[in-house]
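Engineer: Contents of target_26.txt (compact mmCIF, C-alpha atoms and all ligand atoms) are below:
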# COMPACT_ATOMS: atom_id res chain seq x y z
CA MET H 1 0.00 0.00 0.00
CA ASN H 2 1.11 3.54 -0.72
CA MET H 3 2.22 5.68 2.15
CA ALA H 4 2.00 9.46 2.35
CA VAL H 5 3.53 11.98 4.72
CA CYS H 6 1.36 15.08 4.92
CA LYS H 7 2.24 18.56 6.05
CA PHE H 8 -0.39 21.18 6.82
CA GLY H 9 0.56 24.86 6.78
CA GLY H 10 -0.44 27.66 9.14
CA THR H 11 -3.48 28.92 7.26
CA SER H 12 -4.77 25.36 6.95
CA LEU H 13 -4.61 25.08 10.76
CA ALA H 14 -5.46 28.63 11.76
CA ASP H 15 -8.57 27.79 13.80
CA GLY H 16 -10.69 24.88 15.04
CA ASN H 17 -12.74 24.60 11.87
CA ASN H 18 -9.72 24.43 9.65
CA ILE H 19 -8.04 21.90 11.91
CA LYS H 20 -11.17 19.76 11.67
CA ARG H 21 -11.03 19.98 7.90
CA ALA H 22 -7.36 18.93 7.94
CA ALA H 23 -8.19 15.99 10.20
CA GLU H 24 -10.93 14.86 7.81
CA ILE H 25 -8.51 14.98 4.92
CA LEU H 26 -6.02 12.90 6.89
CA LEU H 27 -8.58 10.29 7.88
CA SER H 28 -10.09 10.04 4.39
CA ASP H 29 -7.12 8.10 3.00
CA PRO H 30 -5.42 5.27 4.94
CA ALA H 31 -2.17 6.00 3.08
CA ARG H 32 -1.85 9.17 5.16
CA LYS H 33 -0.02 7.82 8.18
CA TYR H 34 2.09 10.69 9.41
CA VAL H 35 1.41 14.39 9.59
CA VAL H 36 3.68 17.35 10.21
CA VAL H 37 1.95 20.50 11.41
CA SER H 38 2.69 24.22 11.37
CA ALA H 39 1.61 26.64 14.07
CA PRO H 40 -1.76 28.33 13.59
CA GLY H 41 -1.37 31.06 10.97
CA LYS H 42 -3.56 34.03 10.11
CA ARG H 43 -7.34 33.64 10.25
CA PHE H 44 -7.90 36.90 8.38
CA SER H 45 -5.53 39.34 6.73
CA GLU H 46 -4.86 41.60 9.76
CA ASP H 47 -4.50 38.64 12.11
CA VAL H 48 -1.12 37.77 13.68
CA LYS H 49 0.50 34.35 13.21
CA VAL H 50 1.04 32.39 16.42
CA THR H 51 4.76 32.19 15.61
CA ASP H 52 4.95 35.99 15.58
CA LEU H 53 3.07 36.16 18.88
CA LEU H 54 5.62 33.75 20.31
CA TYR H 55 8.55 35.89 19.17
CA ALA H 56 6.78 38.73 21.02
CA CYS H 57 6.63 36.53 24.15
CA TYR H 58 10.37 36.04 23.91
CA GLN H 59 10.92 39.81 23.56
CA GLU H 60 8.70 40.60 26.53
CA SER H 61 10.40 38.01 28.64
CA ALA H 62 13.89 39.25 27.66
CA GLN H 63 12.93 42.80 28.59
CA THR H 64 10.85 42.28 31.72
CA GLY H 65 11.59 38.78 33.00
CA SER H 66 8.06 37.55 32.32
CA CYS H 67 5.77 37.24 29.29
CA GLY H 68 2.30 37.26 30.80
CA GLU H 69 0.94 39.98 28.53
CA ALA H 70 2.02 38.50 25.22
CA PHE H 71 1.36 34.93 26.32
CA ALA H 72 -2.26 35.79 27.19
CA LYS H 73 -2.89 35.93 23.42
CA ILE H 74 -1.38 32.49 22.98
CA ARG H 75 -3.59 31.09 25.73
CA LYS H 76 -6.68 32.57 24.18
CA ARG H 77 -5.80 31.32 20.72
CA PHE H 78 -5.19 27.71 21.72
CA GLN H 79 -8.05 27.52 24.20
CA SER H 80 -10.45 28.71 21.51
CA ILE H 81 -9.12 26.07 19.10
CA VAL H 82 -9.74 23.34 21.67
CA ASP H 83 -13.23 24.77 22.34
CA GLU H 84 -14.10 25.01 18.63
CA LEU H 85 -13.08 21.41 18.21
CA GLY H 86 -15.19 20.38 21.19
CA LEU H 87 -12.19 18.38 22.32
CA HIS H 88 -11.84 16.96 25.83
CA PHE H 89 -8.25 18.02 26.12
CA ASP H 90 -7.02 20.04 29.07
CA ILE H 91 -4.54 22.38 27.45
CA GLN H 92 -4.21 24.82 30.37
CA PRO H 93 -1.51 22.89 32.30
CA ILE H 94 0.46 22.51 29.05
CA LEU H 95 0.14 26.26 28.44
CA ASP H 96 1.27 27.03 32.02
CA LYS H 97 4.35 24.91 31.55
CA THR H 98 5.05 26.45 28.14
CA GLU H 99 4.89 29.99 29.52
CA ALA H 100 7.26 29.13 32.37
CA GLU H 101 9.68 27.46 29.97
CA ILE H 102 9.73 30.43 27.58
CA VAL H 103 10.80 32.63 30.48
CA ALA H 104 13.30 30.14 31.88
CA ARG H 105 15.01 29.11 28.64
CA LYS H 106 15.63 32.63 27.29
CA SER H 107 15.72 31.41 23.71
CA ALA H 108 13.90 32.95 20.74
CA ASP H 109 14.00 29.61 18.90
CA PHE H 110 12.48 27.77 21.84
CA ALA H 111 9.68 30.32 22.17
CA ALA H 112 8.95 30.30 18.41
CA SER H 113 8.84 26.50 18.28
CA ARG H 114 5.96 26.26 20.76
CA GLY H 115 3.30 27.08 18.16
CA GLU H 116 4.03 23.87 16.29
CA TYR H 117 4.42 21.96 19.55
CA LEU H 118 1.02 23.00 20.90
CA ASN H 119 -0.76 22.55 17.59
CA ALA H 120 0.69 19.06 17.23
CA ARG H 121 -0.48 18.14 20.72
CA ILE H 122 -4.01 19.23 19.80
CA MET H 123 -3.95 17.47 16.43
CA ALA H 124 -2.72 14.25 18.06
CA ALA H 125 -5.56 14.39 20.61
CA LEU H 126 -8.09 15.04 17.85
CA LEU H 127 -6.92 12.22 15.59
CA GLY H 128 -6.10 9.78 18.35
CA TRP H 129 -2.64 9.45 16.83
CA GLU H 130 0.61 9.48 18.75
CA PHE H 131 2.41 12.79 19.34
CA VAL H 132 6.09 12.41 18.46
CA ASP H 133 8.14 15.43 19.47
CA ALA H 134 10.48 16.76 16.76
CA LYS H 135 13.07 17.42 19.47
CA ASP H 136 13.59 13.67 19.85
CA ILE H 137 13.99 12.83 16.16
CA ILE H 138 15.26 15.88 14.21
CA PHE H 139 18.81 16.97 14.98
CA PHE H 140 21.24 19.67 13.87
CA ASP H 141 25.03 19.30 13.84
CA ALA H 142 27.57 21.57 15.51
CA LYS H 143 27.55 23.87 12.47
CA GLY H 144 23.78 24.27 12.67
CA ALA H 145 23.04 22.14 9.59
CA PHE H 146 20.41 19.40 9.61
CA ASP H 147 22.12 16.19 10.76
CA GLU H 148 20.70 13.56 8.43
CA LYS H 149 22.88 10.68 9.60
CA LYS H 150 21.64 11.03 13.14
CA SER H 151 18.05 11.98 12.37
CA TYR H 152 16.87 9.65 9.59
CA PRO H 153 17.25 6.34 11.45
CA LEU H 154 15.67 7.81 14.58
CA ILE H 155 12.70 9.22 12.69
CA GLU H 156 12.14 5.98 10.84
CA GLU H 157 12.34 3.80 13.91
CA ARG H 158 10.20 6.08 16.07
CA LEU H 159 7.45 6.65 13.50
CA LYS H 160 7.19 3.04 12.43
CA ARG H 161 6.78 2.14 16.07
CA ALA H 162 4.01 4.73 16.43
CA GLY H 163 2.04 3.49 13.42
CA HIS H 164 0.33 6.84 12.99
CA ALA H 165 1.91 10.02 14.30
CA VAL H 166 1.70 13.79 14.51
CA VAL H 167 5.05 15.61 14.42
CA PRO H 168 5.45 19.35 15.03
CA GLY H 169 7.24 21.11 12.18
CA PHE H 170 9.83 23.89 12.20
CA TYR H 171 12.25 22.72 14.91
CA GLY H 172 14.62 20.08 16.20
CA THR H 173 17.49 19.82 18.67
CA ASP H 174 20.93 21.39 18.18
CA ALA H 175 24.31 19.90 19.04
CA ASP H 176 24.11 21.33 22.58
CA GLY H 177 20.69 19.84 23.23
CA ASN H 178 18.76 23.09 22.78
CA ILE H 179 15.71 23.63 20.61
CA LYS H 180 16.61 25.14 17.24
CA THR H 181 14.27 26.23 14.47
CA PHE H 182 14.69 26.20 10.72
CA SER H 183 14.21 29.53 8.95
CA ARG H 184 10.66 30.93 8.70
CA GLY H 185 8.25 28.65 6.90
CA GLY H 186 10.49 25.75 7.91
CA SER H 187 7.74 23.22 8.63
CA ASP H 188 7.90 22.47 4.90
CA ILE H 189 11.46 21.28 5.49
CA SER H 190 10.43 19.16 8.49
CA GLY H 191 7.75 17.48 6.36
CA SER H 192 10.24 16.75 3.63
CA ILE H 193 12.70 15.27 6.14
CA VAL H 194 10.04 13.01 7.63
CA ALA H 195 8.89 11.86 4.17
CA ARG H 196 12.45 10.98 3.25
CA ALA H 197 13.16 9.20 6.55
CA VAL H 198 10.18 6.87 6.24
CA ASN H 199 10.65 6.58 2.46
CA ALA H 200 7.12 7.75 1.71
CA ASP H 201 5.61 7.29 -1.75
CA VAL H 202 4.56 10.92 -1.74
CA TYR H 203 5.01 14.04 0.34
CA GLU H 204 1.67 15.86 0.40
CA ASN H 205 2.06 19.52 1.25
CA TRP H 206 -1.35 20.97 2.12
CA THR H 207 -1.58 24.73 1.86
CA ASP H 208 -4.04 27.49 0.97
CA VAL H 209 -3.51 27.59 -2.79
CA SER H 210 -4.05 24.94 -5.46
CA GLY H 211 -0.38 24.60 -6.32
CA PHE H 212 2.04 26.67 -8.36
CA LEU H 213 0.97 29.10 -11.02
CA ALA H 214 2.97 29.85 -14.15
CA CYS H 215 3.60 33.36 -12.81
CA ASP H 216 2.62 35.77 -10.06
CA PRO H 217 -1.18 36.30 -10.17
CA ARG H 218 -0.68 39.85 -8.91
CA ILE H 219 1.04 40.59 -12.22
CA VAL H 220 -0.92 38.45 -14.69
CA LYS H 221 -4.60 37.80 -14.04
CA ASN H 222 -5.49 34.10 -13.78
CA PRO H 223 -2.22 32.63 -14.97
CA GLU H 224 -2.14 28.97 -15.94
CA LYS H 225 -1.73 26.39 -13.18
CA ILE H 226 1.37 24.26 -13.23
CA GLU H 227 0.15 20.68 -13.00
CA VAL H 228 3.47 18.89 -13.20
CA ILE H 229 6.92 20.32 -12.64
CA SER H 230 10.36 18.80 -12.10
CA PHE H 231 12.43 19.37 -8.97
CA LYS H 232 15.00 21.23 -11.04
CA GLU H 233 12.45 23.61 -12.50
CA LEU H 234 10.93 24.18 -9.11
CA ARG H 235 14.32 24.89 -7.60
CA GLU H 236 14.91 27.64 -10.16
CA LEU H 237 11.43 29.12 -9.72
CA SER H 238 11.30 29.02 -5.96
CA TYR H 239 14.80 30.44 -5.67
CA MET H 240 13.55 33.33 -7.77
CA GLY H 241 10.58 34.05 -5.57
CA ALA H 242 7.77 31.58 -6.35
CA ASN H 243 7.08 30.89 -2.71
CA VAL H 244 4.38 28.26 -2.24
CA LEU H 245 6.97 25.94 -0.71
CA HIS H 246 10.08 26.78 1.35
CA ALA H 247 13.00 26.77 -1.13
CA GLU H 248 14.99 24.29 1.00
CA ALA H 249 12.12 21.83 1.37
CA ILE H 250 12.96 20.26 -1.96
CA PHE H 251 16.27 18.72 -0.94
CA PRO H 252 15.44 15.84 1.43
CA VAL H 253 12.70 14.33 -0.76
CA ARG H 254 14.61 15.01 -3.95
CA LYS H 255 17.48 12.88 -2.70
CA GLY H 256 15.02 10.08 -2.03
CA ASP H 257 13.23 10.50 -5.40
CA ILE H 258 9.97 11.12 -3.55
CA PRO H 259 7.42 13.29 -5.39
CA ILE H 260 5.78 16.26 -3.69
CA LYS H 261 2.15 17.04 -4.17
CA ILE H 262 0.98 20.56 -3.39
CA LYS H 263 -2.69 20.46 -2.39
CA ASN H 264 -5.24 23.04 -1.29
CA THR H 265 -6.85 22.28 2.10
CA PHE H 266 -9.81 24.45 1.15
CA ARG H 267 -10.31 22.86 -2.29
CA PRO H 268 -9.10 19.28 -1.87
CA GLU H 269 -10.76 18.31 -5.15
CA ASP H 270 -8.33 20.52 -7.13
CA ALA H 271 -5.51 18.62 -8.77
CA GLY H 272 -2.75 20.82 -7.30
CA THR H 273 0.83 20.64 -8.51
CA LEU H 274 2.83 17.44 -8.70
CA ILE H 275 6.59 17.90 -8.33
CA LEU H 276 8.54 15.01 -9.76
CA PRO H 277 12.15 13.84 -9.65
CA SER H 278 13.83 14.20 -13.07
CA LYS H 279 13.79 10.41 -13.58
CA LYS H 280 10.01 10.30 -13.35
CA TYR H 281 9.40 13.51 -15.27
CA THR H 282 8.64 13.69 -18.98
CA PRO H 283 8.49 17.23 -20.33
CA HIS H 284 4.95 18.15 -21.28
CA GLY H 285 3.81 20.28 -24.22
CA ASN H 286 4.83 23.68 -22.86
CA ILE H 287 8.24 25.10 -23.69
CA VAL H 288 8.16 27.28 -20.62
CA THR H 289 6.90 25.94 -17.30
CA GLY H 290 6.93 29.11 -15.26
CA ILE H 291 8.23 32.65 -14.83
CA ALA H 292 9.42 34.16 -11.54
CA GLY H 293 11.51 37.08 -10.47
CA LYS H 294 12.76 39.43 -7.81
CA LYS H 295 13.50 43.12 -7.61
CA ASP H 296 16.30 45.10 -5.99
CA PHE H 297 19.61 43.78 -7.17
CA THR H 298 22.82 45.66 -7.84
CA VAL H 299 25.16 44.68 -10.66
CA ILE H 300 28.86 45.46 -10.39
CA PHE H 301 30.29 45.36 -13.87
CA ILE H 302 34.06 44.93 -14.12
CA GLU H 303 36.05 45.31 -17.33
CA LYS H 304 39.72 44.58 -17.92
CA SER H 305 41.54 43.88 -21.16
CA LEU H 306 42.85 40.32 -21.39
CA MET H 307 40.91 39.39 -18.25
CA ASN H 308 40.41 35.91 -19.64
CA SER H 309 44.13 35.20 -19.65
CA GLU H 310 44.73 36.59 -16.18
CA ILE H 311 44.80 33.59 -13.90
CA GLY H 312 42.95 34.04 -10.63
CA PHE H 313 41.00 37.13 -11.69
CA ALA H 314 37.56 35.76 -10.79
CA ARG H 315 38.90 34.25 -7.61
CA ARG H 316 40.27 37.63 -6.48
CA ALA H 317 36.95 39.30 -7.28
CA LEU H 318 35.09 36.71 -5.24
CA SER H 319 37.61 36.91 -2.39
CA VAL H 320 36.61 40.54 -1.90
CA LEU H 321 33.00 39.42 -1.46
CA GLU H 322 34.05 36.59 0.80
CA LYS H 323 36.04 38.93 3.00
CA GLU H 324 33.01 41.18 3.44
CA ARG H 325 30.76 38.10 3.84
CA ILE H 326 28.50 39.00 0.94
CA ASN H 327 26.64 36.50 -1.22
CA PHE H 328 26.45 36.93 -4.95
CA GLU H 329 23.53 35.57 -6.95
CA HIS H 330 24.97 35.39 -10.46
CA MET H 331 28.25 36.01 -12.19
CA PRO H 332 27.79 36.38 -15.95
CA SER H 333 31.12 36.85 -17.72
CA GLY H 334 32.39 37.85 -21.14
CA ILE H 335 35.88 37.81 -22.64
CA ASP H 336 37.06 40.92 -20.87
CA THR H 337 34.15 41.49 -18.53
CA LEU H 338 32.71 40.08 -15.37
CA SER H 339 29.50 41.11 -13.66
CA LEU H 340 28.55 40.37 -10.09
CA VAL H 341 24.87 40.40 -9.27
CA ILE H 342 24.21 41.04 -5.59
CA GLU H 343 21.06 41.68 -3.59
CA SER H 344 21.01 45.42 -2.90
CA ARG H 345 20.14 44.97 0.78
CA TYR H 346 23.65 43.62 1.41
CA LEU H 347 25.22 46.80 0.04
CA GLU H 348 23.60 49.38 2.25
CA GLY H 349 25.38 51.63 4.75
CA GLY H 350 28.48 52.33 2.64
CA MET H 351 29.18 48.69 1.80
CA LEU H 352 28.92 49.29 -1.96
CA ASP H 353 31.60 52.00 -1.95
CA ARG H 354 33.83 49.85 0.19
CA LEU H 355 33.48 46.90 -2.17
CA ILE H 356 34.32 49.03 -5.19
CA GLU H 357 37.45 50.36 -3.52
CA GLU H 358 38.54 46.85 -2.58
CA MET H 359 37.84 45.55 -6.09
CA LYS H 360 39.94 48.34 -7.60
CA GLU H 361 42.76 47.45 -5.28
CA ALA H 362 42.53 43.68 -5.84
CA LEU H 363 41.88 43.65 -9.59
CA SER H 364 43.29 46.87 -11.10
CA PRO H 365 40.41 46.87 -13.59
CA ASP H 366 40.18 49.22 -16.56
CA TYR H 367 36.69 50.12 -15.60
CA ILE H 368 34.07 49.42 -12.92
CA ARG H 369 30.44 50.43 -13.30
CA VAL H 370 27.52 49.88 -10.97
CA SER H 371 23.85 49.49 -11.96
CA GLU H 372 21.38 49.68 -9.12
CA ASN H 373 17.63 48.97 -8.97
CA ILE H 374 17.86 45.91 -11.19
CA ALA H 375 15.21 43.21 -11.25
CA LEU H 376 15.86 39.65 -12.34
CA VAL H 377 13.29 37.59 -14.18
CA ALA H 378 13.78 33.87 -14.73
CA THR H 379 12.00 31.99 -17.49
CA VAL H 380 12.16 28.31 -16.63
CA GLY H 381 11.34 25.12 -18.51
CA HIS H 382 12.94 21.87 -19.62
CA GLY H 383 11.39 22.49 -23.04
CA MET H 384 13.69 25.45 -23.63
CA ALA H 385 16.80 23.39 -24.27
CA GLN H 386 15.05 21.30 -26.92
CA ASN H 387 13.22 24.01 -28.79
CA ILE H 388 15.27 26.08 -31.20
CA GLY H 389 14.44 29.76 -31.15
CA THR H 390 13.17 30.00 -27.57
CA SER H 391 15.59 32.76 -26.62
CA ALA H 392 14.85 34.59 -29.88
CA ARG H 393 11.16 34.56 -28.96
CA LEU H 394 11.89 35.76 -25.46
CA PHE H 395 14.10 38.65 -26.51
CA THR H 396 11.83 39.68 -29.36
CA ALA H 397 8.92 39.80 -26.92
CA LEU H 398 10.96 42.02 -24.61
CA SER H 399 12.10 44.33 -27.36
CA ASP H 400 8.55 44.59 -28.73
CA ALA H 401 7.48 45.64 -25.24
CA GLY H 402 10.20 48.31 -25.26
CA ILE H 403 12.10 46.71 -22.36
CA ASN H 404 15.79 47.33 -22.16
CA VAL H 405 17.63 44.14 -21.19
CA ARG H 406 20.56 45.07 -18.98
CA MET H 407 21.97 41.61 -18.39
CA ILE H 408 21.45 38.04 -19.60
CA ASP H 409 22.42 34.86 -17.82
CA GLN H 410 21.62 31.45 -19.11
CA GLY H 411 22.52 28.96 -16.42
CA SER H 412 24.48 25.91 -17.50
CA SER H 413 21.40 23.82 -16.70
CA GLU H 414 19.83 25.20 -19.92
CA LEU H 415 16.45 25.21 -18.32
CA ASN H 416 16.58 28.81 -17.27
CA ILE H 417 17.16 32.15 -18.96
CA ILE H 418 17.54 35.05 -16.55
CA VAL H 419 17.29 38.62 -17.69
CA GLY H 420 18.27 41.68 -15.67
CA ILE H 421 16.09 44.73 -16.28
CA ASP H 422 15.24 47.96 -14.46
CA ASN H 423 13.03 47.50 -11.39
CA ALA H 424 10.50 49.78 -13.07
CA ASP H 425 10.14 47.35 -15.99
CA TYR H 426 9.64 44.26 -13.82
CA GLU H 427 5.89 43.76 -14.11
CA ARG H 428 5.86 44.58 -17.83
CA CYS H 429 8.67 42.13 -18.42
CA VAL H 430 6.84 39.27 -16.69
CA ARG H 431 3.67 40.09 -18.65
CA ALA H 432 5.50 40.19 -21.97
CA ILE H 433 7.15 36.80 -21.40
CA TYR H 434 3.92 35.26 -20.17
CA HIS H 435 2.06 36.56 -23.18
CA GLU H 436 4.67 35.17 -25.58
CA PHE H 437 4.75 31.65 -24.18
CA PHE H 438 1.29 31.12 -22.74
CA GLU H 439 -1.13 33.27 -24.65
CA LYS H 440 -0.07 32.83 -28.27
N1 LIG H 501 5.34 28.66 12.00
C1 LIG H 501 6.58 28.90 11.35
C2 LIG H 501 6.52 30.24 10.63
O1 LIG H 501 5.55 30.97 10.75
C3 LIG H 501 7.02 27.79 10.48
C4 LIG H 501 6.04 27.31 9.44
O2 LIG H 501 4.87 27.64 9.50
O3 LIG H 501 6.45 26.61 8.54
O4 LIG H 501 7.46 30.58 9.96
The structure given in the file should be rewritten as structure tokens.

Structural biologist:
Amino acid sequence: MNMAVCKFGGTSLADGNNIKRAAEILLSDPARKYVVVSAPGKRFSEDVKVTDLLYACYQESAQTGSCGEAFAKIRKRFQSIVDELGLHFDIQPILDKTEAEIVARKSADFAASRGEYLNARIMAALLGWEFVDAKDIIFFDAKGAFDEKKSYPLIEERLKRAGHAVVPGFYGTDADGNIKTFSRGGSDISGSIVARAVNADVYENWTDVSGFLACDPRIVKNPEKIEVISFKELRELSYMGANVLHAEAIFPVRKGDIPIKIKNTFRPEDAGTLILPSKKYTPHGNIVTGIAGKKDFTVIFIEKSLMNSEIGFARRALSVLEKERINFEHMPSGIDTLSLVIESRYLEGGMLDRLIEEMKEALSPDYIRVSENIALVATVGHGMAQNIGTSARLFTALSDAGINVRMIDQGSSELNIIVGIDNADYERCVRAIYHEFFEK
């Protein structure tokens, strides 16, 4: 029989009614044996996520030595969930203990993790499944990275023993034995880790949208849904801002060749998006699968005659970034030119000028120019490598729309063409590419 690991996100578990709906989904298919839960998210647009309330508890406790005021909201939220569910589950003693621990442990990660912990306790009581604490099965190493060697066997053994289990997402235990969280939205990663550990047939990620769209619906009205996508395509799109799933959630299941299914808790009948390992993926009719992008990059353009024959040039350029601990996103190069594309937020407070000075010193370039307010737009699809003329179509569409392309980068994967344009042209650029590949 197939076996699925499910993860439900914050909106899907925001209140008692939604939690009930999630429980029904879980119980409607016997393949669904394990579930990873987020903390309750927003119930309406001005609402505050439980995780954010918990960070506020930490702040209050750090400043005043107690967190009664902020924690009152947590109490109210969880008590009303239990009441809405009509569940005979006495959560007050658990809340008392949680409040005391937040104060005693003095850790933002510990405080933040309690939303998932409490929600998982409730979900376990509702389903009659076992609660398995993530702190006992998900571990980080001394460098803060997920420790797969230690975690996978423990997760597998513990969950198989439980039969059915509810696991809180978002956190685990660090090398010193303290609670540590993943980055925000990290329950997606926890779900992926659990799916990999138990070698699930599918990782079902239940959220509040019916999967990925071919581009941002705020830019193009009703864009096409992506029904099937490969891990590689998704990696490119989610890195560039398509954010249905945490960008790092791909890795554990991808290594295990386990497909991900994105499903909508509020419209379970919708097909959603199926994310497949390359082996199991056959490119469909579309040349382009999706378009995504981000604004606010800075490009440092370096020119030097005979750069290509100067050994160590690129290394010296990158050493300057390394010294200042700055990431670069792309590095398109020509014969005598090299561009470094960096997120502008890293270059604030005089950092840009400092970098330029250090580059001049390290590289003796003929010329350095900086372009700010650049947006990047990625056009992604396996079909692009096979279809002659794809880039011609893309660039013709951009020129017809009067968009000045400032930079081009085609990754060596050949499934992605990235263009750099002015921030101001971003929306028009996405629309022009969408129109060319999806509306003609
Ligand atoms: N609750 C956490 C957050 O708000 C983690 C998650 O929901 O995935 O970021």

Engineer: Pick out the closest residue to Arg158 (chain H) from this set: H:Phe313, H:Phe131, H:Tyr55, H:Phe44. Count only C-alpha atoms.

Structural biologist: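 Among the listed residues, H:Phe131 lies closest to Arg158 (chain H).
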
Engineer: What do you get as a PyMOL selection string if you pick all residues at most 10 Å from ligand LIG 501 (chain H), counting all atoms listed in the file?

Structural biologist: chain H and resi 7-11+13+36-42+48-54+112-116+168-171+181-191+245-246

Engineer: Residues of the last selection are to be written out with C-alpha atoms, as a compact mmCIF listing (two decimals), in the frame of the given file.

Structural biologist:
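Output below, filename part10.txt:
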# COMPACT_ATOMS: atom_id res chain seq x y z
CA LYS H 7 2.24 18.56 6.05
CA PHE H 8 -0.39 21.18 6.82
CA GLY H 9 0.56 24.86 6.78
CA GLY H 10 -0.44 27.66 9.14
CA THR H 11 -3.48 28.92 7.26
CA LEU H 13 -4.61 25.08 10.76
CA VAL H 36 3.68 17.35 10.21
CA VAL H 37 1.95 20.50 11.41
CA SER H 38 2.69 24.22 11.37
CA ALA H 39 1.61 26.64 14.07
CA PRO H 40 -1.76 28.33 13.59
CA GLY H 41 -1.37 31.06 10.97
CA LYS H 42 -3.56 34.03 10.11
CA VAL H 48 -1.12 37.77 13.68
CA LYS H 49 0.50 34.35 13.21
CA VAL H 50 1.04 32.39 16.42
CA THR H 51 4.76 32.19 15.61
CA ASP H 52 4.95 35.99 15.58
CA LEU H 53 3.07 36.16 18.88
CA LEU H 54 5.62 33.75 20.31
CA ALA H 112 8.95 30.30 18.41
CA SER H 113 8.84 26.50 18.28
CA ARG H 114 5.96 26.26 20.76
CA GLY H 115 3.30 27.08 18.16
CA GLU H 116 4.03 23.87 16.29
CA PRO H 168 5.45 19.35 15.03
CA GLY H 169 7.24 21.11 12.18
CA PHE H 170 9.83 23.89 12.20
CA TYR H 171 12.25 22.72 14.91
CA THR H 181 14.27 26.23 14.47
CA PHE H 182 14.69 26.20 10.72
CA SER H 183 14.21 29.53 8.95
CA ARG H 184 10.66 30.93 8.70
CA GLY H 185 8.25 28.65 6.90
CA GLY H 186 10.49 25.75 7.91
CA SER H 187 7.74 23.22 8.63
CA ASP H 188 7.90 22.47 4.90
CA ILE H 189 11.46 21.28 5.49
CA SER H 190 10.43 19.16 8.49
CA GLY H 191 7.75 17.48 6.36
CA LEU H 245 6.97 25.94 -0.71
CA HIS H 246 10.08 26.78 1.35

Engineer: Need the shell around region 410-414 of chain H: protein/DNA/RNA residues with any atom at most 9 Å away, counting all atoms listed in the file. Skip same-chain ones fewer than 2 positions apart. Format as a ChimeraX atom specification?

Structural biologist: /H:232,332,380-382,384-385,408,416-419

Engineer: Can you tell me how far CA of Gly172 (chain H) sits from CA of Leu118 (chain H), in Å to one decimal?

Structural biologist: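 Between these atoms lies a distance of 14.7 Å.
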
Engineer: Work out how far CA of Leu126 (chain H) is from CA of Ala23 (chain H), in Å to one decimal.

Structural biologist: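 According to the coordinates, CA of Ala23 (chain H) and CA of Leu126 (chain H) are separated by 7.7 Å.
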
Engineer: Would you tabulate, counting all atoms listed in the file, all residues of region 291-331 of chain H that have an atom at most 6 Å from an atom of region 350-373 of chain H, showing the closest pair of atoms and their distance in Å to one decimal, sorted by chain then ascending number, as CSV?

Structural biologist:
residue,atom,partner,partner_atom,distance
H:Asp296,CA,H:Asn373,CA,5.1
H:Phe297,CA,H:Asn373,CA,5.8
H:Thr298,CA,H:Glu372,CA,4.5
H:Val299,CA,H:Ser371,CA,5.2
H:Ile300,CA,H:Val370,CA,4.7
H:Phe301,CA,H:Arg369,CA,5.1
H:Ile302,CA,H:Ile368,CA,4.6
H:Glu303,CA,H:Tyr367,CA,5.2
H:Lys304,CA,H:Asp366,CA,4.9

Engineer: Grab the CA of Leu127 (chain H) to CA of Asp90 (chain H) distance for me, in Å with one decimal place.

Structural biologist: 15.6 Å

Engineer: Please define a box with edges along x, y and z of the file around all atoms of region 24-30 of chain H given in the file, extend it by 8 Å on each side, and return its centre and edge lengths in Å to one decimal, as AutoDock Vina command-line options.

Structural biologist:
--center_x -8.2 --center_y 10.1 --center_z 5.4 --size_x 21.5 --size_y 25.7 --size_z 20.9

Engineer: Report as a PDB file with C-alpha atoms, in the coordinates of the input all protein, DNA and RNA residues lying within 6 Å of region 132-147 of chain H, evaluated on only C-alpha atoms, omitting residues in the same chain fewer than 6 positions from it.

Structural biologist:
ATOM      1  CA  LEU H 154      15.670   7.810  14.580  1.00  0.00           C
ATOM      2  CA  ILE H 155      12.700   9.220  12.690  1.00  0.00           C
ATOM      3  CA  VAL H 167       5.050  15.610  14.420  1.00  0.00           C
ATOM      4  CA  PRO H 168       5.450  19.350  15.030  1.00  0.00           C
ATOM      5  CA  GLY H 172      14.620  20.080  16.200  1.00  0.00           C
ATOM      6  CA  THR H 173      17.490  19.820  18.670  1.00  0.00           C
ATOM      7  CA  ASP H 174      20.930  21.390  18.180  1.00  0.00           C
ATOM      8  CA  ALA H 175      24.310  19.900  19.040  1.00  0.00           C
TER       9      ALA H 175
END

Engineer: Nearest to Asp409 (chain H): which of H:Ala397, H:Met331, H:Val103, H:Ala392 is it, counting all atoms listed in the file?

Structural biologist: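 Selected residue with least distance to Asp409 (chain H): H:Met331.
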
Engineer: Restricting the calculation to only C-alpha atoms: of H:Ala165, H:Val82, H:Ile102, H:Ile193, which residue gets closest to Cys57 (chain H)?

Structural biologist: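 Checking each candidate against Cys57 (chain H), we get H:Ile102 as the closest.
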
Engineer: Distance table requested - region 245-331 of chain H against region 420-440 of chain H, cut-off 9 Å, all atoms listed in the file: one row per qualifying residue with the closest atom pair and its distance in Å to one decimal, ordered by chain and rising residue number, as a Markdown table.

Structural biologist:
| residue | atom | partner | partner_atom | distance |
| --- | --- | --- | --- | --- |
| H:Asn286 | CA | H:Phe437 | CA | 8.1 |
| H:Ile287 | CA | H:Phe437 | CA | 7.4 |
| H:Val288 | CA | H:Phe437 | CA | 6.6 |
| H:Gly290 | CA | H:Tyr434 | CA | 8.4 |
| H:Ile291 | CA | H:Val430 | CA | 7.0 |
| H:Ala292 | CA | H:Val430 | CA | 7.7 |
| H:Gly293 | CA | H:Val430 | CA | 8.1 |
| H:Lys294 | CA | H:Tyr426 | CA | 8.3 |
| H:Lys295 | CA | H:Asn423 | CA | 5.8 |
| H:Asp296 | CA | H:Asn423 | CA | 6.8 |
| H:Phe297 | CA | H:Asn423 | CA | 8.7 |
